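Visitor: Before I ask anything, let me first share the structure, which is written out below as structure tokens.
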Amino acid sequence: MIKVKQLYKYFKQVKAVDGISFDVSEGELFGLLGPNGAGKTTTVRIISTLILPTKGEVEVNGYSLPKDAAIVRKFIGYVPQALSSDGTLTGYENLLIFAKLVGLNRNEREKQINELVELMGLGDFVDRLVREYSGGMVRKLEIAQALLHNPKVLLLDEPTVGLDPASRRSVWNVLKTLQKEYSATILLTTHYMEEAEVLCDRLAIMDHGKIVTVGTPREIMEQTGVENLEDAFIVLTGHEVEEGGNFNELKRLRKTARRLQ
């Protein structure tokens with residue numbers, strides 16, 4: 001469903017993405033695991049057609065980027081790390097706006113909104129202002145927004161950043177349901193080792209713009225001779241995941257976390 005081959009992205013002299021290659025099969029939940037600054041967000045933004053690659057090949061469902069970007073946008077859903085819901089509106093109003101933006105007619109809008117409200121467990125909250133939501137409920141609303149047009153591929157950038165453990169697990173349950181019951185193809189980025197281990201069928205460990213290894217969590221642990229992904233990451237990169245990133249990335253991360261609290 002997703003093919004990335006020798007992908008590069010430069011920002012002036014900085015190689016944010018440095019010649020990475022990976023693929024995601026239909027119905028797979030694939031993770032990009034690494035610290036802030038590893039190139040995960042840049043990669044997802046390229047796949048979501050938001051920014052252009054410097055060079056390399058990207059295909060989504062057989063269509064090439066950036067040439068077929070307009071077609072690709074029709075069957076991908078994207079949940080950014082930054083909040084995309086308006087806290088001054090209700091959950092229903094946010095969903096209605098997104099439904100209109102993706103071109104659903106009135107009957108389709110109501111049908112899709114009702115189904116997604118039930119799937120996400122938003123029924124008791126849909127008529128409340130989003131600023132009254134917990135962080136977990138906000139993320140579920142944003143996932144619902146991304147699913148309104150029935151995308152084949154769902155892209156999520158750090159979907160549980162800043163959430164408490166209970167809210168994080170509720171989002172995990174939603175993603176597992178989407179994969180198992182709706183055959184969704186999901187690509188997510190994360191710096192949480194437990195999240196990658198629990199959710200991902202396969203994952204790519206990224207560090208300083210490069211992919212260090214690709215495999216199932218179990219394969220990566222066996223490859224490095226350790227019993228958890230955190231230790232595997234240290235073996236493969238020589239440092240802990242928290243050591244990545246820079247001031248601006250950490251500032252953005254903490255801002256998002258504060259808004260989700």
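Residue numbering restarts at 1 for every chain of the structure tokens, chains are lettered A, B, ... in their displayed order, and ligands are numbered from 1 as they appear.
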Could you build a table of the residues in range 37-130 of chain A lying no more than 12 Å from range 192-208 of chain A, giving for each the nearest pair of atoms and their separation in Å rounded to one decimal place, using only C-alpha atoms, ordered by chain and ascending residue number, as CSV?
Guide:
```
residue,atom,partner,partner_atom,distance
A:Gly37,CA,A:His208,CA,6.7
A:Ala38,CA,A:Asp207,CA,4.6
A:Gly39,CA,A:His208,CA,6.8
A:Lys40,CA,A:Met206,CA,7.1
A:Thr41,CA,A:Met206,CA,10.9
A:Thr42,CA,A:Met206,CA,11.7
A:Thr43,CA,A:Met206,CA,10.5
```
Visitor: For the residues selected in the previous step, produce a file with C-alpha atoms as a PDB file, in the first residue's frame.
Guide:
```pdb
ATOM      1  CA  GLY A  37      14.439  14.841  15.158  1.00  0.00           C
ATOM      2  CA  ALA A  38      14.822  11.368  13.664  1.00  0.00           C
ATOM      3  CA  GLY A  39      12.904  12.330  10.497  1.00  0.00           C
ATOM      4  CA  LYS A  40       9.639  10.527  11.292  1.00  0.00           C
ATOM      5  CA  THR A  41       7.331  13.540  10.975  1.00  0.00           C
ATOM      6  CA  THR A  42       9.021  14.722   7.781  1.00  0.00           C
ATOM      7  CA  THR A  43       8.538  11.279   6.257  1.00  0.00           C
TER       8      THR A  43
END
```
Visitor: Range 129-133 of chain A: which residues within 9 Å, counting only C-alpha atoms, same-chain residues fewer than 6 positions away excluded, as an mmCIF file with C-alpha atoms, in the first residue's frame?
Guide:
```cif
data_model
loop_
_atom_site.group_PDB
_atom_site.id
_atom_site.type_symbol
_atom_site.label_atom_id
_atom_site.label_comp_id
_atom_site.auth_asym_id
_atom_site.auth_seq_id
_atom_site.Cartn_x
_atom_site.Cartn_y
_atom_site.Cartn_z
ATOM 1 C CA SER A 85 -9.819 20.228 16.328
ATOM 2 C CA ASP A 86 -11.320 23.585 17.288
ATOM 3 C CA GLY A 87 -11.851 23.751 21.050
ATOM 4 C CA THR A 88 -14.503 26.468 20.732
ATOM 5 C CA LEU A 89 -16.777 24.123 18.741
ATOM 6 C CA THR A 90 -18.532 20.928 19.771
ATOM 7 C CA GLY A 91 -17.343 17.538 18.631
ATOM 8 C CA ASN A 94 -15.866 19.767 14.167
ATOM 9 C CA LEU A 141 -12.252 12.982 17.646
ATOM 10 C CA LEU A 260 -4.057 17.708 25.443
#
```
Visitor: I'd like the interatomic distance between CA of Glu158 in chain A and CA of His191 in chain A, to a tenth of an Å.
Guide: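 Going from CA of Glu158 in chain A over to CA of His191 in chain A covers 7.6 Å.
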Visitor: Of the residues A:Glu219, A:Leu154, A:Gly123, A:Met137, which is the one nearest to Val72 in chain A, using only C-alpha atoms?
Guide: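 The closest residue to Val72 in chain A is A:Leu154.
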Visitor: I'd like the neighbourhood of Leu104 in chain A as an MDAnalysis selection string, where a residue qualifies if any of its atoms comes within 8 Å (using only C-alpha atoms), though same-chain residues fewer than 5 positions away should be ignored.
Guide: chainID A and resid 99 109 149
Visitor: When distances are computed from only C-alpha atoms, which of A:Val214, A:Leu95, A:Leu7, A:Ala184 shows the smallest separation from Glu142 in chain A?
Guide: A:Leu95
